[in-house]
Every structure is written in structure tokens, then in C-alpha cells.
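Visitor: This is start.txt (compact mmCIF, C-alpha atoms).
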# COMPACT_ATOMS: atom_id res chain seq x y z
CA MET R 1 138.01 99.00 -46.51
CA SER R 2 139.88 96.05 -45.02
CA LEU R 3 143.66 95.82 -45.35
CA LYS R 4 143.11 92.43 -47.03
CA THR R 5 140.56 93.63 -49.58
CA LEU R 6 141.40 92.24 -53.00
CA ASN R 7 140.59 93.36 -56.50
CA ARG R 8 136.98 92.26 -57.08
CA ARG R 9 137.77 90.53 -60.35
CA LEU R 10 140.61 88.56 -58.81
CA GLU R 11 138.46 87.64 -55.83
CA ALA R 12 135.78 86.28 -58.18
CA ALA R 13 138.26 84.20 -60.19
CA SER R 14 139.13 80.59 -59.35
CA PRO R 15 142.61 79.10 -59.01
CA SER R 16 143.76 76.84 -61.83
CA ALA R 17 142.15 73.42 -61.35
CA THR R 18 145.19 71.76 -62.89
CA TYR R 19 147.58 73.37 -60.45
CA LYS R 20 145.30 72.52 -57.53
CA ILE R 21 145.66 68.85 -58.48
CA ILE R 22 149.41 69.27 -58.89
CA ASP R 23 149.55 70.75 -55.36
CA ARG R 24 147.61 67.73 -54.04
CA VAL R 25 150.07 65.43 -55.76
CA ALA R 26 152.99 67.26 -54.14
CA ALA R 27 151.33 66.95 -50.72
CA ARG R 28 150.72 63.21 -51.17
CA ARG R 29 154.29 62.67 -52.33
CA ALA R 30 155.55 64.58 -49.29
CA GLU R 31 153.65 62.01 -47.20
CA GLY R 32 155.58 59.24 -48.93
CA ALA R 33 152.98 58.16 -51.50
CA ARG R 34 154.20 57.08 -54.94
CA ILE R 35 151.89 58.97 -57.28
CA ILE R 36 151.69 58.62 -61.05
CA SER R 37 150.67 62.08 -62.19
CA LEU R 38 148.69 62.27 -65.42
CA CYS R 39 147.52 65.83 -64.85
CA ALA R 40 150.27 68.10 -66.19
CA GLY R 41 150.30 69.35 -69.79
CA GLU R 42 154.04 68.97 -70.16
CA PRO R 43 156.11 66.75 -72.48
CA ASP R 44 158.37 64.37 -70.59
CA PHE R 45 161.25 64.81 -73.06
CA ASP R 46 164.31 66.94 -72.41
CA THR R 47 164.70 70.11 -74.44
CA PRO R 48 166.74 69.15 -77.56
CA GLU R 49 170.50 69.51 -77.17
CA HIS R 50 171.04 72.13 -79.89
CA ILE R 51 168.50 74.40 -78.18
CA ARG R 52 170.18 74.00 -74.80
CA ALA R 53 173.53 74.68 -76.44
CA ALA R 54 172.17 77.92 -77.92
CA ALA R 55 171.09 79.05 -74.46
CA ILE R 56 174.51 78.29 -72.98
CA SER R 57 176.16 80.16 -75.85
CA ALA R 58 173.88 83.14 -75.24
CA ILE R 59 174.93 83.24 -71.58
CA ASP R 60 178.61 82.88 -72.43
CA SER R 61 178.28 85.66 -75.02
CA GLY R 62 176.70 88.05 -72.51
CA HIS R 63 173.18 88.08 -73.97
CA THR R 64 171.71 88.43 -70.48
CA ARG R 65 170.34 91.97 -70.54
CA TYR R 66 166.94 93.47 -71.22
CA THR R 67 165.53 93.05 -74.72
CA GLN R 68 162.96 95.09 -76.59
CA VAL R 69 159.51 94.68 -75.10
CA ALA R 70 158.20 93.00 -78.26
CA GLY R 71 161.17 90.62 -78.40
CA LEU R 72 164.54 90.38 -80.11
CA ARG R 73 164.34 91.25 -83.78
CA ALA R 74 166.21 88.03 -84.62
CA LEU R 75 163.54 85.98 -82.83
CA ARG R 76 160.70 87.94 -84.40
CA GLU R 77 162.24 87.29 -87.81
CA ALA R 78 162.42 83.57 -86.98
CA ILE R 79 158.76 83.66 -85.87
CA ALA R 80 157.74 85.35 -89.12
CA ARG R 81 159.59 82.65 -91.08
CA LYS R 82 157.81 79.99 -89.01
CA PHE R 83 154.38 81.47 -89.78
CA GLN R 84 155.26 81.75 -93.48
CA ARG R 85 156.77 78.26 -93.74
CA GLU R 86 154.40 76.24 -91.59
CA ASN R 87 151.13 78.18 -91.71
CA GLY R 88 151.13 79.98 -95.05
CA LEU R 89 150.68 83.38 -93.37
CA ASP R 90 152.18 86.35 -95.21
CA VAL R 91 153.68 88.20 -92.24
CA SER R 92 156.87 90.13 -91.53
CA TRP R 93 158.79 90.42 -88.28
CA GLN R 94 156.94 93.66 -87.49
CA ASP R 95 153.71 91.63 -87.43
CA THR R 96 154.87 89.51 -84.48
CA LEU R 97 155.08 89.77 -80.70
CA VAL R 98 157.05 87.71 -78.17
CA CYS R 99 155.66 87.12 -74.67
CA SER R 100 156.65 85.24 -71.52
CA GLY R 101 154.74 82.10 -72.48
CA GLY R 102 151.61 81.45 -74.48
CA LYS R 103 149.46 82.22 -71.46
CA GLN R 104 150.69 85.82 -71.46
CA VAL R 105 149.85 86.16 -75.15
CA ILE R 106 146.22 85.27 -74.44
CA PHE R 107 145.91 87.30 -71.26
CA ASN R 108 147.44 90.42 -72.83
CA ALA R 109 145.15 90.17 -75.85
CA LEU R 110 142.06 89.99 -73.64
CA ALA R 111 143.27 92.65 -71.21
CA ALA R 112 144.08 95.03 -74.06
CA THR R 113 140.64 94.75 -75.69
CA LEU R 114 137.89 93.73 -73.26
CA ASN R 115 135.64 96.26 -71.60
CA ASP R 116 133.04 95.55 -68.93
CA GLY R 117 130.24 93.34 -70.18
CA GLU R 118 131.84 92.37 -73.47
CA GLU R 119 131.64 88.67 -74.26
CA VAL R 120 134.06 85.96 -75.27
CA VAL R 121 132.66 82.85 -76.94
CA ILE R 122 134.45 79.81 -75.49
CA PRO R 123 133.69 76.29 -76.73
CA ALA R 124 133.56 73.74 -73.91
CA PRO R 125 135.48 71.62 -73.10
CA TYR R 126 138.00 74.45 -72.79
CA TRP R 127 141.43 75.05 -71.34
CA VAL R 128 140.83 75.93 -67.69
CA SER R 129 142.38 79.40 -67.89
CA TYR R 130 140.22 80.86 -70.68
CA PRO R 131 137.15 81.77 -68.57
CA GLU R 132 139.26 82.93 -65.63
CA MET R 133 141.27 85.24 -67.86
CA VAL R 134 138.07 86.69 -69.29
CA GLN R 135 136.78 87.26 -65.75
CA LEU R 136 140.01 88.96 -64.67
CA CYS R 137 139.87 91.26 -67.70
CA GLY R 138 136.31 92.38 -67.00
CA GLY R 139 134.57 90.40 -69.70
CA GLU R 140 131.92 87.70 -69.64
CA SER R 141 132.37 84.16 -70.95
CA ARG R 142 129.75 82.80 -73.31
CA ILE R 143 130.28 79.06 -72.87
CA VAL R 144 129.11 76.85 -75.75
CA THR R 145 128.93 73.18 -74.83
CA CYS R 146 130.41 70.95 -77.53
CA GLY R 147 129.81 67.37 -76.49
CA ALA R 148 130.83 64.00 -77.87
CA GLU R 149 128.04 64.18 -80.45
CA SER R 150 129.98 66.97 -82.24
CA SER R 151 133.36 65.35 -81.50
CA PHE R 152 133.92 68.09 -78.88
CA LYS R 153 134.08 70.72 -81.64
CA LEU R 154 132.19 73.95 -82.23
CA THR R 155 129.63 73.73 -85.02
CA PRO R 156 128.68 76.62 -87.32
CA GLN R 157 125.12 76.64 -85.95
CA ALA R 158 126.29 76.77 -82.33
CA LEU R 159 128.73 79.56 -83.18
CA SER R 160 126.07 81.58 -84.98
CA GLU R 161 123.69 81.25 -82.03
CA ALA R 162 126.39 82.28 -79.54
CA ILE R 163 127.50 85.49 -81.23
CA GLY R 164 125.66 88.63 -80.17
CA PRO R 165 126.11 92.40 -80.32
CA ASN R 166 128.44 92.33 -77.28
CA THR R 167 130.66 89.53 -78.58
CA ARG R 168 134.27 90.70 -78.70
CA TRP R 169 136.19 87.44 -79.17
CA VAL R 170 135.77 83.82 -80.24
CA ILE R 171 138.42 81.36 -79.05
CA LEU R 172 139.38 78.32 -81.13
CA ASN R 173 141.90 75.79 -79.82
CA SER R 174 143.08 73.04 -82.20
CA PRO R 175 144.36 70.51 -81.32
CA SER R 176 142.36 70.94 -78.16
CA ASN R 177 143.28 70.88 -74.53
CA PRO R 178 141.59 68.85 -72.99
CA THR R 179 140.08 66.66 -75.71
CA GLY R 180 142.72 66.46 -78.45
CA ALA R 181 140.03 67.37 -81.00
CA VAL R 182 141.36 68.72 -84.31
CA TYR R 183 139.43 70.97 -86.70
CA GLU R 184 139.62 69.87 -90.33
CA ARG R 185 139.79 72.29 -93.26
CA GLU R 186 136.10 72.07 -94.11
CA GLU R 187 135.11 72.60 -90.47
CA LEU R 188 137.25 75.72 -90.28
CA LYS R 189 135.82 77.00 -93.56
CA GLU R 190 132.28 76.60 -92.24
CA LEU R 191 133.14 78.46 -89.02
CA ALA R 192 134.84 81.15 -91.09
CA GLU R 193 131.68 81.68 -93.12
CA VAL R 194 129.82 82.48 -89.92
CA LEU R 195 132.56 84.79 -88.64
CA LEU R 196 132.68 86.70 -91.92
CA THR R 197 129.10 87.82 -91.26
CA HIS R 198 130.11 89.32 -87.88
CA PRO R 199 132.85 91.89 -88.61
CA HIS R 200 132.88 93.17 -85.00
CA VAL R 201 134.26 89.86 -83.66
CA LEU R 202 137.95 89.10 -83.06
CA ILE R 203 139.23 85.52 -83.22
CA LEU R 204 141.92 83.93 -81.09
CA ALA R 205 143.48 80.85 -82.72
CA ASP R 206 145.32 78.98 -79.96
CA ASP R 207 147.64 76.70 -81.95
CA ILE R 208 150.02 75.69 -79.14
CA TYR R 209 149.63 71.95 -79.91
CA GLU R 210 150.07 72.47 -83.65
CA HIS R 211 152.86 69.91 -84.11
CA LEU R 212 151.26 67.23 -81.94
CA ILE R 213 148.78 66.08 -84.54
CA PHE R 214 148.30 62.43 -85.46
CA ASP R 215 147.26 59.97 -88.17
CA GLY R 216 148.87 61.93 -90.99
CA ARG R 217 146.54 64.90 -90.57
CA ASP R 218 147.63 68.30 -91.85
CA PHE R 219 147.47 71.14 -89.35
CA LEU R 220 145.53 74.19 -90.48
CA THR R 221 144.91 77.49 -88.73
CA LEU R 222 141.92 79.75 -89.33
CA ALA R 223 143.69 82.71 -90.99
CA GLN R 224 145.35 80.26 -93.37
CA VAL R 225 142.05 78.69 -94.40
CA GLU R 226 140.25 82.05 -94.69
CA PRO R 227 142.69 84.93 -95.35
CA ARG R 228 139.82 87.46 -95.19
CA LEU R 229 139.79 86.90 -91.41
CA ALA R 230 143.53 87.48 -90.98
CA MET R 231 143.16 91.13 -90.00
CA ARG R 232 140.99 90.26 -87.01
CA THR R 233 142.62 86.98 -86.01
CA LEU R 234 145.34 86.66 -83.38
CA THR R 235 147.25 83.48 -84.20
CA MET R 236 149.23 82.41 -81.14
CA ASN R 237 151.77 79.69 -80.62
CA GLY R 238 154.94 78.96 -78.67
CA VAL R 239 157.86 76.62 -78.17
CA SER R 240 156.66 74.89 -75.01
CA LYS R 241 154.86 71.82 -76.38
CA ALA R 242 156.54 71.19 -79.74
CA TYR R 243 160.09 71.63 -78.45
CA ALA R 244 159.68 70.48 -74.82
CA MET R 245 160.44 74.00 -73.58
CA THR R 246 157.65 74.56 -71.04
CA GLY R 247 159.94 76.17 -68.46
CA TRP R 248 161.61 78.51 -70.95
CA ARG R 249 158.42 80.62 -71.13
CA ILE R 250 158.33 81.80 -74.73
CA GLY R 251 155.04 82.38 -76.50
CA PHE R 252 154.43 84.42 -79.62
CA ALA R 253 151.71 85.67 -81.91
CA THR R 254 150.86 87.38 -85.16
CA GLY R 255 147.80 89.46 -85.88
CA PRO R 256 146.60 92.96 -86.72
CA ASN R 257 149.19 95.63 -85.92
CA TRP R 258 146.83 97.74 -83.79
CA LEU R 259 146.25 94.77 -81.51
CA LEU R 260 149.91 93.79 -81.27
CA GLU R 261 150.80 97.40 -80.45
CA ALA R 262 148.21 97.48 -77.65
CA MET R 263 149.52 94.18 -76.27
CA GLU R 264 153.09 95.50 -76.42
CA LYS R 265 152.03 98.66 -74.59
CA LEU R 266 150.48 96.56 -71.82
CA GLN R 267 153.49 94.27 -71.65
CA GLY R 268 155.82 97.26 -71.34
CA GLN R 269 154.15 98.16 -68.06
CA GLN R 270 153.89 94.57 -66.89
CA THR R 271 156.84 92.24 -67.57
CA SER R 272 158.74 94.03 -70.35
CA GLY R 273 160.56 91.66 -72.70
CA ALA R 274 160.73 87.90 -72.23
CA CYS R 275 163.86 86.24 -70.84
CA SER R 276 166.79 87.08 -73.14
CA VAL R 277 168.42 83.67 -72.85
CA SER R 278 165.14 81.90 -73.60
CA GLN R 279 164.67 84.07 -76.68
CA HIS R 280 168.05 82.98 -78.07
CA ALA R 281 167.09 79.37 -77.38
CA ALA R 282 163.78 79.88 -79.18
CA ILE R 283 165.62 81.11 -82.28
CA ALA R 284 167.54 77.84 -82.33
CA ALA R 285 164.27 75.92 -81.91
CA LEU R 286 162.42 77.64 -84.73
CA ASP R 287 165.32 77.80 -87.20
CA GLY R 288 167.10 74.57 -86.23
CA PRO R 289 166.60 70.86 -86.95
CA LYS R 290 163.03 69.55 -86.76
CA ASP R 291 163.77 65.83 -86.27
CA PHE R 292 162.73 66.08 -82.63
CA ILE R 293 159.20 67.10 -83.59
CA ALA R 294 158.64 64.10 -85.83
CA HIS R 295 160.07 61.75 -83.21
CA SER R 296 157.94 63.13 -80.36
CA ARG R 297 154.83 62.99 -82.55
CA GLU R 298 155.45 59.30 -83.23
CA VAL R 299 155.97 58.61 -79.54
CA PHE R 300 152.83 60.45 -78.49
CA GLN R 301 150.72 58.76 -81.16
CA ARG R 302 151.91 55.36 -79.97
CA ARG R 303 151.15 56.32 -76.37
CA ARG R 304 147.73 57.57 -77.42
CA ASP R 305 146.82 54.27 -79.03
CA PHE R 306 148.12 52.37 -76.00
CA MET R 307 146.22 54.56 -73.52
CA VAL R 308 142.92 54.56 -75.40
CA GLN R 309 142.97 50.77 -75.66
CA LEU R 310 143.70 50.24 -71.96
CA LEU R 311 141.26 52.90 -70.76
CA ASN R 312 138.45 51.32 -72.76
CA GLU R 313 139.15 48.03 -71.00
CA ALA R 314 138.44 49.63 -67.60
CA PRO R 315 134.82 49.02 -66.45
CA GLY R 316 132.84 52.26 -66.34
CA ILE R 317 135.20 54.22 -68.61
CA SER R 318 134.96 54.86 -72.33
CA CYS R 319 137.38 56.89 -74.38
CA GLY R 320 137.43 58.05 -77.98
CA THR R 321 140.61 58.49 -80.00
CA PRO R 322 141.96 62.06 -79.88
CA GLY R 323 143.41 63.56 -83.04
CA GLY R 324 146.20 65.50 -81.39
CA ALA R 325 147.83 66.98 -78.27
CA PHE R 326 148.66 64.47 -75.48
CA TYR R 327 145.40 64.12 -73.59
CA ALA R 328 142.73 61.46 -73.47
CA PHE R 329 139.31 62.80 -72.50
CA ALA R 330 137.67 59.76 -70.97
CA ASP R 331 133.98 59.43 -70.16
CA CYS R 332 133.71 58.25 -66.54
CA SER R 333 129.91 58.44 -66.25
CA GLY R 334 129.81 54.67 -65.79
CA LEU R 335 131.47 55.14 -62.39
CA ILE R 336 129.28 57.97 -61.14
CA GLY R 337 126.77 56.80 -58.57
CA LYS R 338 128.97 53.94 -57.40
CA ARG R 339 131.06 53.62 -54.25
CA SER R 340 134.83 53.12 -54.36
CA ALA R 341 136.57 50.28 -52.56
CA GLY R 342 137.71 52.85 -50.01
CA GLY R 343 134.11 53.81 -49.28
CA ARG R 344 133.96 57.07 -51.22
CA GLU R 345 130.71 58.01 -52.89
CA LEU R 346 131.49 58.72 -56.54
CA VAL R 347 128.90 61.45 -56.90
CA ASP R 348 130.56 63.23 -59.82
CA ASP R 349 133.70 63.37 -61.92
CA GLU R 350 135.60 65.37 -59.28
CA ALA R 351 134.85 62.67 -56.70
CA VAL R 352 136.19 60.08 -59.14
CA ALA R 353 139.38 62.10 -59.66
CA VAL R 354 139.89 62.55 -55.90
CA ALA R 355 139.29 58.86 -55.22
CA LEU R 356 141.74 57.84 -57.95
CA LEU R 357 144.40 60.01 -56.33
CA GLU R 358 143.72 58.92 -52.76
CA GLU R 359 143.10 55.22 -53.40
CA ALA R 360 144.88 54.35 -56.64
CA ASN R 361 147.72 56.90 -56.47
CA VAL R 362 146.90 58.17 -59.97
CA ALA R 363 146.35 61.88 -60.56
CA VAL R 364 143.99 63.05 -63.31
CA VAL R 365 141.85 66.19 -63.72
CA GLN R 366 138.06 66.15 -63.64
CA GLY R 367 136.25 67.15 -66.82
CA SER R 368 134.06 69.66 -64.98
CA ALA R 369 137.18 71.84 -64.56
CA PHE R 370 137.18 72.11 -68.37
CA GLY R 371 133.47 72.88 -68.60
CA LEU R 372 132.15 69.38 -69.35
CA PRO R 373 131.27 67.18 -66.35
CA GLY R 374 131.37 63.41 -66.47
CA TYR R 375 134.86 63.12 -67.94
CA LEU R 376 138.49 62.82 -66.86
CA ARG R 377 141.39 64.49 -68.64
CA ILE R 378 144.29 62.05 -68.67
CA ALA R 379 147.66 63.28 -69.94
CA TYR R 380 149.86 60.62 -71.53
CA ALA R 381 153.09 62.64 -71.40
CA LEU R 382 154.95 60.02 -69.38
CA ASP R 383 157.11 56.99 -70.12
CA ASP R 384 155.45 53.70 -71.15
CA GLU R 385 156.09 51.95 -67.85
CA SER R 386 154.43 54.74 -65.85
CA LEU R 387 151.46 54.86 -68.23
CA ARG R 388 150.98 51.10 -68.03
CA GLY R 389 151.15 51.26 -64.23
CA ALA R 390 148.61 54.07 -64.19
CA CYS R 391 146.21 52.19 -66.45
CA GLU R 392 146.49 49.05 -64.33
CA ALA R 393 145.74 51.10 -61.21
CA ILE R 394 142.76 52.77 -62.92
CA HIS R 395 141.48 49.37 -64.09
CA GLY R 396 141.72 47.95 -60.56
CA PHE R 397 139.97 51.00 -59.11
CA CYS R 398 137.12 50.68 -61.62
CA GLU R 399 136.72 46.93 -61.09
CA SER R 400 136.43 47.37 -57.32
CA ALA R 401 133.82 50.16 -57.50
CA ARG R 402 130.34 48.98 -56.54
Using C-alpha cells, write down the structure from this file.
Guide:
Amino acid sequence: MSLKTLNRRLEAASPSATYKIIDRVAARRAEGARIISLCAGEPDFDTPEHIRAAAISAIDSGHTRYTQVAGLRALREAIARKFQRENGLDVSWQDTLVCSGGKQVIFNALAATLNDGEEVVIPAPYWVSYPEMVQLCGGESRIVTCGAESSFKLTPQALSEAIGPNTRWVILNSPSNPTGAVYEREELKELAEVLLTHPHVLILADDIYEHLIFDGRDFLTLAQVEPRLAMRTLTMNGVSKAYAMTGWRIGFATGPNWLLEAMEKLQGQQTSGACSVSQHAAIAALDGPKDFIAHSREVFQRRRDFMVQLLNEAPGISCGTPGGAFYAFADCSGLIGKRSAGGRELVDDEAVAVALLEEANVAVVQGSAFGLPGYLRIAYALDDESLRGACEAIHGFCESAR
């Protein structure tokens, strides 16, 4: 055995495609390039003042020590109130768990339940970390392609065909990263009907973009639409997107007690409780004023409309209108097979993304990283001037491709 031998599962996993692009952006900026980065899933707003004030107060009051592994009771009570108030879920504080970010919620759930060879049904396009987490936890991803013809959403027929005797989990993400697709009530009901016939399957409802939903739509989560699935659904959320608290690292979930207890057991040997100061800030977020959410939703919807219009004016790109989140998932197939002005062969969506960064100083992420080639994920979580500059650069790049 070599000194440098790694865990086989880790060795087989891939680094985050998003962070690889972010690293490239950092390298280009270090060289002096002025890059407009549209690759990070992070709101550009500051964390609201009352939340920051709560964190400062927590520090000044000495709330800087370890907390319970599952989180402060006061935060868990606030989380339970959130699920009751916003999602119609009848849960108590004992039915909740606090983690160091939403990513840890998902990883701990998979790590606590997956055994070798068990499958996780993942609709594609998917968030880049889902399949890698499954791989690291010893499971196998069952990828179900959900193209533009189904509005990038899982259909009941596709779900039924994907579930087998070894299926352990089905993951649903609405609004979606990377497409912004939103499941409507009837669509969730139809998926629920399929899941009710497979009682061995757990469901992960990733609702992290819940409050970034546009056009007057109501957000609905699966256990709300079909309460009979509540006892095998892990409903996860967090404060990162809705409250511009990405760096505070607070995610949370509700679900069956046996699962939450297993996740807590794992977390106790891993990170223990989440940051105490961040937990106090999260209480202020969940129980405090909600004006910020409505304002940010309005801003992101306006940016969405602006971005979709300008992207559709770029030759070789077409883009539908996402229902939520802050991503445009743009079809770039009209560029593939061409040559950029800088002489690069645009053989696939990754080549397009690389050429945009190197020649147009705009960073986006290729759709193949999310399981659907031929697209670009373009985050519009930047100010209007930067977004306009990015769209102009993309338009010029597309016009010059031959």
C-alpha cells in the first residue's frame, strides 16, 4: 500500500465543477483579467442588518461555546415554526436537525442510510454534488434525464421506470439548481402517487430555493402536498439563499425521527453542532422581519427577465424562462461545432464555457457538469451593470463565432 493511497470512493469522485470554474476565475483575476463571474450560486446582497446584529449580540453575550449536536433548542423551535407556518408541516422542535449548511444535511442523510449497491434516483439536470455524494457514500446514482420537452422536470412515467428493488432514495429539487424549474401542485401529486406504490423508497425534498420563486407562484413541498409520504420524506432547507447567509453555514431538516437520530449520531462523530453564533443569527432570520425576502425576489425576477431577453438575442443561444432560483439554463447547441474568434474549436458545452472565460472574460458553468450537455448555467446573482456587461460580452462572442 502506498503512503498516498486514498479511500477508493473518494478517489473515484470528481471535484465540484462549480468550484473548479471559480478556481479558474481566481487564477485569471490574479493575472490581471477583469472577469464577470456568473458561476456562483450566491446572492449578491448583504445579510440583513437585524441578522448581523443578532450575531454580534450573541458574541457579546458569550454565546460562543459548543451547542447540542442537533442544534440549539431555540433554533430548532424556530425551524419547527417555519415548517408549520410556511410549509404546512405538523412538526415539533424534536422533529428537526441543524447542520453546518444544507450540503451537510444531504450528505449526512445519504451517509446514514446508503449501503453498497443501493440506488438514488436523481433527475438531470441536477446539482453537481448529488451524484458525487452518492458515490462517496457507497451508493449508485440512477440518473433520469429530464430535458426541455418536460420543462426539465421529472415525469411520473420516468420516475416509475427508474425505481427498482434497490432504490433507496429519490431526490427532488424545486426550484431547481441549475434550471430554475418549479414543480406545481398537480405535478407533485402525480409523483406522489408513484411513490406511494413504492414504500421502500425515501424522498429527499431539497427546498433551498423555496423563497426565490417567481410570477406569483406558490411554493409547495412534497410532504405538504401528500402527507402520507411525510414519514419517509426528508424536507431540507436553510438560510443561505433566502437570507443571503451563504457563509454562515446553517442548514436544517425535518423528517422521520429514526432518520434524524441516525444523522445526529453521524454528525456527533463528524462536526458536532453548527457554529453557535450562526445559529443565533439563524433564529433572527427565521423569526424576524421578512421584507428582505420579498425585495430580493422582486430583484431576482427583474434580473431574470432582463437576462432571458438578452441571452435570446445572442446568436446560437436560446433560453427559456425559469420559474425560480437565480439561474438561467441556456441552450448553447447553436454554437457547438463552430470556431471562436480566438481560434478555439467549440466541440461541446465545456469548450464554449472555457472560451467564454478565456476570450470574453465571462465565467459560466457547462451544462454537462449538471448532467445535461449542450447548455450553460448562468447565474444572475450580480448587479445590473455587471449582468448587462456580461450579456454584451456573450453576444459579441457568439456573433464572432464561425
Visitor: What are the nearest atom pairs, with distances in Å to one decimal, for all residues of range 92-166 of chain R that come at most 6 Å from range 246-269 of chain R, using all atoms listed in the file, set out by chain and rising residue number as CSV?
Guide:
residue,atom,partner,partner_atom,distance
R:Asp95,CA,R:Thr254,CA,5.6
R:Thr96,CA,R:Thr254,CA,4.6
R:Leu97,CA,R:Ala253,CA,5.4
R:Val98,CA,R:Phe252,CA,4.4
R:Cys99,CA,R:Gly251,CA,5.1
R:Ser100,CA,R:Arg249,CA,5.0
R:Gly101,CA,R:Gly251,CA,4.0
R:Gly102,CA,R:Gly251,CA,4.1
R:Asn108,CA,R:Met263,CA,5.5
R:Ala109,CA,R:Met263,CA,5.9
R:Ala112,CA,R:Met263,CA,5.9
Visitor: Using all atoms listed in the file, which residue out of R:Ala351, R:Asp383, R:Val225, R:Leu376 lies closest to Arg185 in chain R?
Guide: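 Closest to Arg185 in chain R, using all atoms listed in the file: R:Val225.
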Visitor: Take every atom of range 1-14 of chain R listed in the file, fit an axis-aligned box around them, add 3 Å per side, and give the centre and edge lengths in Å to one decimal as AutoDock Vina command-line options.
Guide:
--center_x 139.7 --center_y 89.8 --center_z -52.7 --size_x 13.9 --size_y 24.4 --size_z 21.3
Visitor: Please indicate the distance in Å from CA of Met133 in chain R to CA of Arg76 in chain R, rounded to one decimal place.
Guide: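 One can read the CA of Met133 in chain R to CA of Arg76 in chain R distance as 25.7 Å.
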Visitor: Between CA of Gln84 in chain R and CA of Phe107 in chain R, what is the distance in Å, rounded to a tenth?
Guide: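 Separation between CA of Gln84 in chain R and CA of Phe107 in chain R: 24.7 Å.
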Visitor: So which residues touch His50 in chain R within 10 Å, counting only C-alpha atoms, skipping near sequence neighbours fewer than 4 positions away, as a list of chain:residue names?
Guide: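 Near His50 in chain R, the qualifying residues are R:Ala54, R:Ala55, R:Ile56, R:Ala281, R:Ala284, R:Ala285, R:Gly288, R:Pro289.
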Visitor: Do you have the CA of Ala314 in chain R-CA of Tyr19 in chain R distance handy?
Guide: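 Between these atoms lies a distance of 26.4 Å.
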Visitor: Near Val182 in chain R, within 9 Å and counting all atoms listed in the file, which residues show up once chain neighbours fewer than 2 positions away are dropped, as JSON, numbers by chain?
Guide: {"R": [153, 173, 174, 175, 176, 179, 180, 184, 213, 217, 219, 322, 323, 324]}
Visitor: Neighbouring residues of range 291-305 of chain R were defined as those with any atom within 7 Å, considering all atoms listed in the file; residues of the same chain fewer than 4 positions away were excluded. Please report them as a VMD selection string.
Guide: chain R and resid 211 to 212 214 242 to 243 309 326 380
Visitor: Tell me, as a PDB file with C-alpha atoms, in the coordinates of the input, which residues lie within 10 Å of Phe83 in chain R, counting only C-alpha atoms; anything in the same chain fewer than 6 positions away does not count.
Guide:
ATOM      1  CA  GLU R  77     162.240  87.290 -87.810  1.00  0.00           C
ATOM      2  CA  LEU R  89     150.680  83.380 -93.370  1.00  0.00           C
ATOM      3  CA  ASP R  90     152.180  86.350 -95.210  1.00  0.00           C
ATOM      4  CA  VAL R  91     153.680  88.200 -92.240  1.00  0.00           C
ATOM      5  CA  SER R  92     156.870  90.130 -91.530  1.00  0.00           C
ATOM      6  CA  THR R  96     154.870  89.510 -84.480  1.00  0.00           C
ATOM      7  CA  GLN R 224     145.350  80.260 -93.370  1.00  0.00           C
ATOM      8  CA  THR R 235     147.250  83.480 -84.200  1.00  0.00           C
ATOM      9  CA  ASN R 237     151.770  79.690 -80.620  1.00  0.00           C
ATOM     10  CA  ALA R 253     151.710  85.670 -81.910  1.00  0.00           C
ATOM     11  CA  THR R 254     150.860  87.380 -85.160  1.00  0.00           C
TER      12      THR R 254
END
